[in-house]
Amino acid sequence: MRFSRVFLIVMDSVGIGEQPDAPKFKDEGANTLGHIAERVENFSLPNLAKLGLGNIAPLRNVPIAEQPAAHYGKMQEISMGKDTSTGHWEIMGLHVSTPFNTYPDGFPAALISEFEERIGRKVLGNKVASGTDILDELGPEHMKTGAIIVYTSADSVFQIAAHEEIVPLQELYRICEIARELTLRDEYAVTRVIARPFVGEPGNFTRTSNRHDYSVKPFAPTVMNELQAAGLSSIALGKISDIYAEEGITKSIRTKDNMDGVDQLLGTIKETFTGLSFVNLVDFDAKYGHRRDPQGYGQALMEFDARIPEILGALKEDDLLVITADHGNDPVHHGTDHTREYVPLLVFHKGIETGTDLGIRETFADLGATIADNFGVPSPAIGKSFLSRV
Ligand SMILES: O=P(O)(O)O[C@H]1O[C@H](CO)[C@@H](O)[C@H]1O
Ligand SMILES: [Mn+2]
Ligand SMILES: [Mn+2]
């Protein structure tokens with residue numbers, strides 16, 4: 001069957017157990033969904049369970065559906081990275097075979113001093129840190145001196161934190177553009193610069209939704225470029241337009257949080273178009289995974305689960321819904337970084353009587369290949385379409 005519209009939900013960081021190559025990433029034993037299900041009291045995901053989530057892997061309180069309403073499986077990432085860009089790019093058909101540059105010891109002194117000169121402010125931090133811990137540590141000094149906070153992580157990110165009342169947003173964005181320009185040079189090759197504005201008082205800082213990401217462009221056309229070139233819609237909701245650096249996108253809408261992401265997706269279901277509507281729900285990752293907060297993560301999953309009936313009810317006969325993720329972020333794992341995990345795959349449309357097992361997909365790109373197949377646009381270089389099994 002061919003579908004007029006594909007609705008793709010990436011639950012950011014909702015992994016479903018370690019991949020065979022997890023030890024290479026120091027992620028043996030990681031299991032985002034599994035550990036949340038074990039740890040969180042009164043955990044249940046009744047609607048995702050009906051779709052077949054419990055058929056993918058054993059999850060406490062998520063029963064195996066006898067007649068799953070969706071096709072189900074899990075996907076393996078083949079790219080050499082476990083960051084958001086790598087995961088999303090692979091979903092849309094790119095194999096990231098050279099890992100992005102990371103900066104476990106902070107950025108080179110030459111880069112920082114050139115940056116300081118260009119922006120007319122000093123830099124604090126310049127190290128690997130959790131984005132909330134570093135505010136507690138350096139926020140007060142930042143407020144006193146006006147020096148900005150620069151930090152990174154296990155990902156290829158140059159993150160810039162500043163208080164909205166000390167560095168006005170427009171200035172922070174300008175500073176980020178300068179950082180973007182400098183770090184695009186081959187010698188640095190940083191994937192993303194991220195503005196991390198915050199508000200509040202020492203000891204009580206909160207980050208605002210004025211976060212903004214400046215990503216490098218995907219190194220080759222993705223399935224979304226092909227959709228756009230074929231005159232189809234490729235609608236980006238939430239962080240999607242940042243992740244693909246506006247490439248292959250016909251319309252984009254930013255979102256405030258997960259529930260707004262679901263609202264915006266429902267908004268596009270009610271519109272008339274042919275093509276893709278693609279949302280990233282980032283709260284799972286940013287608010288709970290990196291914060292190592294299994295309770296909060298569990299609640300966020302349950303809140304999302306509660307919206308599933310609304311989404312299914314709004315779909316038309318020739319719509320396809322796909323729910324997946326981009327990497328893991330096990331909130332009980334060591335450190336505060338992503339984890340190398342399989343991602344769940346749930347594929348729903350109204351005509352399914354009993355969902356079938358799509359197995360372990362060898363690459364996330366099987367999804368991009370399926371979308372390309374459905375719309376009759378050129379297939380990506382990697383990935384096998386599972387459209388005939390849908
Ligand atoms: O600790 P915070 O600031 O949330 O940062 C996290 O968010 C970054 C971008 O997704 C990741 O690389 C990780 O560092
Ligand atoms: Mn992510
Ligand atoms: Mn993350």
# chains A, B, ... in the order shown; residues from 1 in each chain; ligands from 1
call {"tool": "select_by_dssp", "arguments": {"residues": "stretch 98-322 of chain A", "states": "strand (DSSP E or B)", "output": "number ranges by chain"}}
result
A: 123-128, 148-152, 157-163, 192-201, 204-207, 212-215, 233-237, 251-253, 275-281, 319-322
call {"tool": "write_last_selection", "arguments": {"atoms": "C-alpha atoms", "output": "mmCIF file, in the first residue's frame"}}
result
data_model
loop_
_atom_site.group_PDB
_atom_site.id
_atom_site.type_symbol
_atom_site.label_atom_id
_atom_site.label_comp_id
_atom_site.auth_asym_id
_atom_site.auth_seq_id
_atom_site.Cartn_x
_atom_site.Cartn_y
_atom_site.Cartn_z
ATOM 1 C CA VAL A 123 34.767 32.971 28.082
ATOM 2 C CA LEU A 124 34.161 30.941 31.252
ATOM 3 C CA GLY A 125 34.206 27.145 31.479
ATOM 4 C CA ASN A 126 35.421 25.734 28.168
ATOM 5 C CA LYS A 127 35.060 22.149 29.347
ATOM 6 C CA VAL A 128 32.778 19.143 29.251
ATOM 7 C CA ILE A 148 29.820 33.994 28.714
ATOM 8 C CA ILE A 149 29.779 30.288 29.575
ATOM 9 C CA VAL A 150 31.087 27.886 26.925
ATOM 10 C CA TYR A 151 30.816 24.127 27.423
ATOM 11 C CA THR A 152 30.683 20.912 25.447
ATOM 12 C CA VAL A 157 28.656 20.723 20.347
ATOM 13 C CA PHE A 158 29.859 24.257 21.188
ATOM 14 C CA GLN A 159 27.245 25.373 23.715
ATOM 15 C CA ILE A 160 26.984 28.979 24.869
ATOM 16 C CA ALA A 161 25.044 29.779 28.030
ATOM 17 C CA ALA A 162 24.151 33.326 29.046
ATOM 18 C CA HIS A 163 21.549 34.924 31.325
ATOM 19 C CA ARG A 192 26.455 22.215 16.318
ATOM 20 C CA VAL A 193 26.675 25.548 18.078
ATOM 21 C CA ILE A 194 23.853 25.864 20.613
ATOM 22 C CA ALA A 195 22.535 29.014 22.305
ATOM 23 C CA ARG A 196 21.564 28.140 25.887
ATOM 24 C CA PRO A 197 19.855 31.205 27.370
ATOM 25 C CA PHE A 198 18.672 31.050 30.968
ATOM 26 C CA VAL A 199 16.932 33.174 33.601
ATOM 27 C CA GLY A 200 16.652 33.257 37.414
ATOM 28 C CA GLU A 201 18.878 33.820 40.405
ATOM 29 C CA ASN A 204 17.767 28.822 41.013
ATOM 30 C CA PHE A 205 18.560 29.202 37.330
ATOM 31 C CA THR A 206 16.308 27.802 34.620
ATOM 32 C CA ARG A 207 16.987 27.442 30.924
ATOM 33 C CA HIS A 212 18.677 27.773 19.296
ATOM 34 C CA ASP A 213 20.846 25.277 17.394
ATOM 35 C CA TYR A 214 23.166 26.143 14.496
ATOM 36 C CA SER A 215 23.964 22.854 12.768
ATOM 37 C CA SER A 233 5.711 18.634 1.441
ATOM 38 C CA SER A 234 8.397 18.061 4.053
ATOM 39 C CA ILE A 235 7.122 19.684 7.221
ATOM 40 C CA ALA A 236 9.534 20.090 10.142
ATOM 41 C CA LEU A 237 8.216 20.451 13.687
ATOM 42 C CA LYS A 251 7.777 24.477 6.147
ATOM 43 C CA SER A 252 8.905 24.560 9.756
ATOM 44 C CA ILE A 253 7.217 25.255 13.069
ATOM 45 C CA GLY A 275 4.356 14.209 1.920
ATOM 46 C CA LEU A 276 6.020 14.096 5.327
ATOM 47 C CA SER A 277 5.298 15.740 8.680
ATOM 48 C CA PHE A 278 8.211 15.110 11.035
ATOM 49 C CA VAL A 279 8.385 16.002 14.721
ATOM 50 C CA ASN A 280 11.141 15.620 17.316
ATOM 51 C CA LEU A 281 10.050 15.431 20.965
ATOM 52 C CA ASP A 319 -1.878 8.090 6.402
ATOM 53 C CA LEU A 320 1.092 6.267 7.889
ATOM 54 C CA LEU A 321 2.312 6.940 11.429
ATOM 55 C CA VAL A 322 5.831 5.967 12.493
#
call {"tool": "residues_around", "arguments": {"residues": "A:Arg361", "least_positions_apart": "2", "cutoff": "10 Å", "atoms": "only C-alpha atoms", "output": "list in words"}}
result
Gly73, Lys74, Met75, Gln76, Glu77, Tyr342, Val343, Leu345, Leu358, Gly359, Thr363, Phe364, Ala365, Asp366, Leu367, Gly383, Lys384, Ser385 and Phe386 of chain A
call {"tool": "residues_around", "arguments": {"residues": "A:Lys270", "least_positions_apart": "6", "cutoff": "10 Å", "atoms": "only C-alpha atoms", "output": "list in words"}}
result
Gln264, Ala314, Leu315 and Lys316 of chain A
call {"tool": "residues_near_ligand", "arguments": {"ligand": "ligand 3", "cutoff": "8 Å", "atoms": "only C-alpha atoms and all ligand atoms", "output": "PyMOL selection string"}}
result
chain A and resi 12-13+83-84+282+285-286+289-290+329+337-338
call {"tool": "select_by_dssp", "arguments": {"residues": "stretch 12-60 of chain A", "states": "alpha helix (DSSP H)", "output": "VMD selection string"}}
result
chain A and resid 32 to 39 46 to 51 53 to 56
call {"tool": "write_last_selection", "arguments": {"atoms": "N, CA and C atoms", "output": "compact mmCIF listing (two decimals), in the first residue's frame"}}
result
# COMPACT_ATOMS: atom_id res chain seq x y z
N THR A 32 17.38 2.45 28.03
CA THR A 32 16.59 3.61 28.46
C THR A 32 15.18 3.19 28.88
N LEU A 33 14.41 2.60 27.96
CA LEU A 33 13.03 2.23 28.29
C LEU A 33 12.99 1.16 29.37
N GLY A 34 13.89 0.17 29.25
CA GLY A 34 13.89 -0.94 30.19
C GLY A 34 14.13 -0.48 31.61
N HIS A 35 15.11 0.40 31.80
CA HIS A 35 15.44 0.84 33.16
C HIS A 35 14.38 1.78 33.72
N ILE A 36 13.80 2.59 32.87
CA ILE A 36 12.72 3.48 33.34
C ILE A 36 11.55 2.62 33.81
N ALA A 37 11.19 1.61 32.99
CA ALA A 37 10.06 0.74 33.34
C ALA A 37 10.32 0.03 34.67
N GLU A 38 11.59 -0.37 34.90
CA GLU A 38 11.93 -1.05 36.16
C GLU A 38 11.86 -0.12 37.36
N ARG A 39 12.33 1.12 37.18
CA ARG A 39 12.50 2.02 38.32
C ARG A 39 11.27 2.82 38.72
N PRO A 46 -0.18 2.20 28.34
CA PRO A 46 -1.20 1.32 27.77
C PRO A 46 -1.38 1.48 26.26
N ASN A 47 -1.26 2.70 25.77
CA ASN A 47 -1.55 2.91 24.34
C ASN A 47 -0.39 2.46 23.46
N LEU A 48 0.84 2.73 23.91
CA LEU A 48 2.00 2.23 23.16
C LEU A 48 2.04 0.71 23.25
N ALA A 49 1.59 0.16 24.39
CA ALA A 49 1.54 -1.30 24.53
C ALA A 49 0.58 -1.89 23.51
N LYS A 50 -0.58 -1.26 23.32
CA LYS A 50 -1.56 -1.76 22.33
C LYS A 50 -0.95 -1.76 20.94
N LEU A 51 -0.10 -0.76 20.66
CA LEU A 51 0.54 -0.70 19.34
C LEU A 51 1.58 -1.82 19.18
N LEU A 53 4.53 -1.99 21.65
CA LEU A 53 5.83 -1.64 22.24
C LEU A 53 6.41 -2.79 23.06
N GLY A 54 5.53 -3.47 23.81
CA GLY A 54 5.98 -4.58 24.65
C GLY A 54 6.38 -5.82 23.85
N ASN A 55 6.02 -5.83 22.56
CA ASN A 55 6.41 -6.96 21.71
C ASN A 55 7.84 -6.80 21.20
N ILE A 56 8.39 -5.57 21.34
CA ILE A 56 9.74 -5.31 20.82
C ILE A 56 10.79 -5.83 21.80
call {"tool": "closest_residue", "arguments": {"among": "A:Ile166, A:Met11, A:Ala369, A:Val347", "to": "ligand 2", "atoms": "only C-alpha atoms and all ligand atoms"}}
result
A:Met11
call {"tool": "closest_residue", "arguments": {"among": "A:His333, A:Arg291, A:His327, A:Arg389", "to": "ligand 1", "atoms": "only C-alpha atoms and all ligand atoms"}}
result
A:Arg291
call {"tool": "closest_residue", "arguments": {"among": "A:Gly296, A:Pro104, A:Pro58, A:Gly328", "to": "ligand 2", "atoms": "only C-alpha atoms and all ligand atoms"}}
result
A:Gly328
call {"tool": "closest_residue", "arguments": {"among": "A:Glu271, A:Glu247, A:Asp318, A:Glu187", "to": "A:Met224", "atoms": "only C-alpha atoms"}}
result
A:Glu247
call {"tool": "residues_around", "arguments": {"residues": "stretch 69-71 of chain A", "least_positions_apart": "2", "cutoff": "7 Å", "atoms": "only C-alpha atoms", "output": "PyMOL selection string"}}
result
chain A and resi 50-52+67+346-348+352-358
call {"tool": "closest_residue", "arguments": {"among": "A:Ile78, A:Gly87, A:Met302, A:Lys122", "to": "A:Glu141", "atoms": "only C-alpha atoms"}}
result
A:Lys122
call {"tool": "closest_residue", "arguments": {"among": "A:Gln170, A:Thr324, A:Thr274, A:Ser130", "to": "ligand 2", "atoms": "only C-alpha atoms and all ligand atoms"}}
result
A:Thr324
call {"tool": "atom_distance", "arguments": {"atom1": "atom CA of A:Gly106", "atom2": "atom CA of A:Lys239"}}
result
25.5 Å
call {"tool": "atom_distance", "arguments": {"atom1": "atom CA of A:Ala306", "atom2": "atom CA of A:Leu45"}}
result
8.0 Å
call {"tool": "residues_around", "arguments": {"residues": "A:Gly376", "least_positions_apart": "6", "cutoff": "12 Å", "atoms": "only C-alpha atoms", "output": "list in words"}}
result
Arg2, Phe3, Ser4, Val223, Glu226, Leu227, Ala229, Ala230, Gly231, Leu232, Gly275, Gly368, Ala369, Thr370, Ser385 and Leu387 of chain A
call {"tool": "residues_around", "arguments": {"residues": "A:Tyr288", "least_positions_apart": "6", "cutoff": "8 Å", "atoms": "only C-alpha atoms", "output": "PyMOL selection string"}}
result
chain A and resi 294+296-297+331
call {"tool": "write_last_selection", "arguments": {"atoms": "N, CA and C atoms", "output": "short mmCIF file (atom, residue, chain, number, x, y, z; two decimals), in the first residue's frame"}}
result
data_model
loop_
_atom_site.label_atom_id
_atom_site.label_comp_id
_atom_site.auth_asym_id
_atom_site.auth_seq_id
_atom_site.Cartn_x
_atom_site.Cartn_y
_atom_site.Cartn_z
N PRO A 294 15.06 9.44 36.06
CA PRO A 294 14.16 8.40 35.54
C PRO A 294 12.68 8.68 35.85
N GLY A 296 11.11 11.65 36.13
CA GLY A 296 10.62 12.67 35.19
C GLY A 296 10.47 12.08 33.79
N TYR A 297 11.45 11.24 33.42
CA TYR A 297 11.43 10.63 32.09
C TYR A 297 10.19 9.73 31.97
N PRO A 331 18.63 7.07 31.79
CA PRO A 331 18.77 7.95 32.95
C PRO A 331 19.36 7.27 34.19
#
call {"tool": "atom_distance", "arguments": {"atom1": "atom CA of A:Gln19", "atom2": "atom CA of A:Asp326"}}
result
13.1 Å
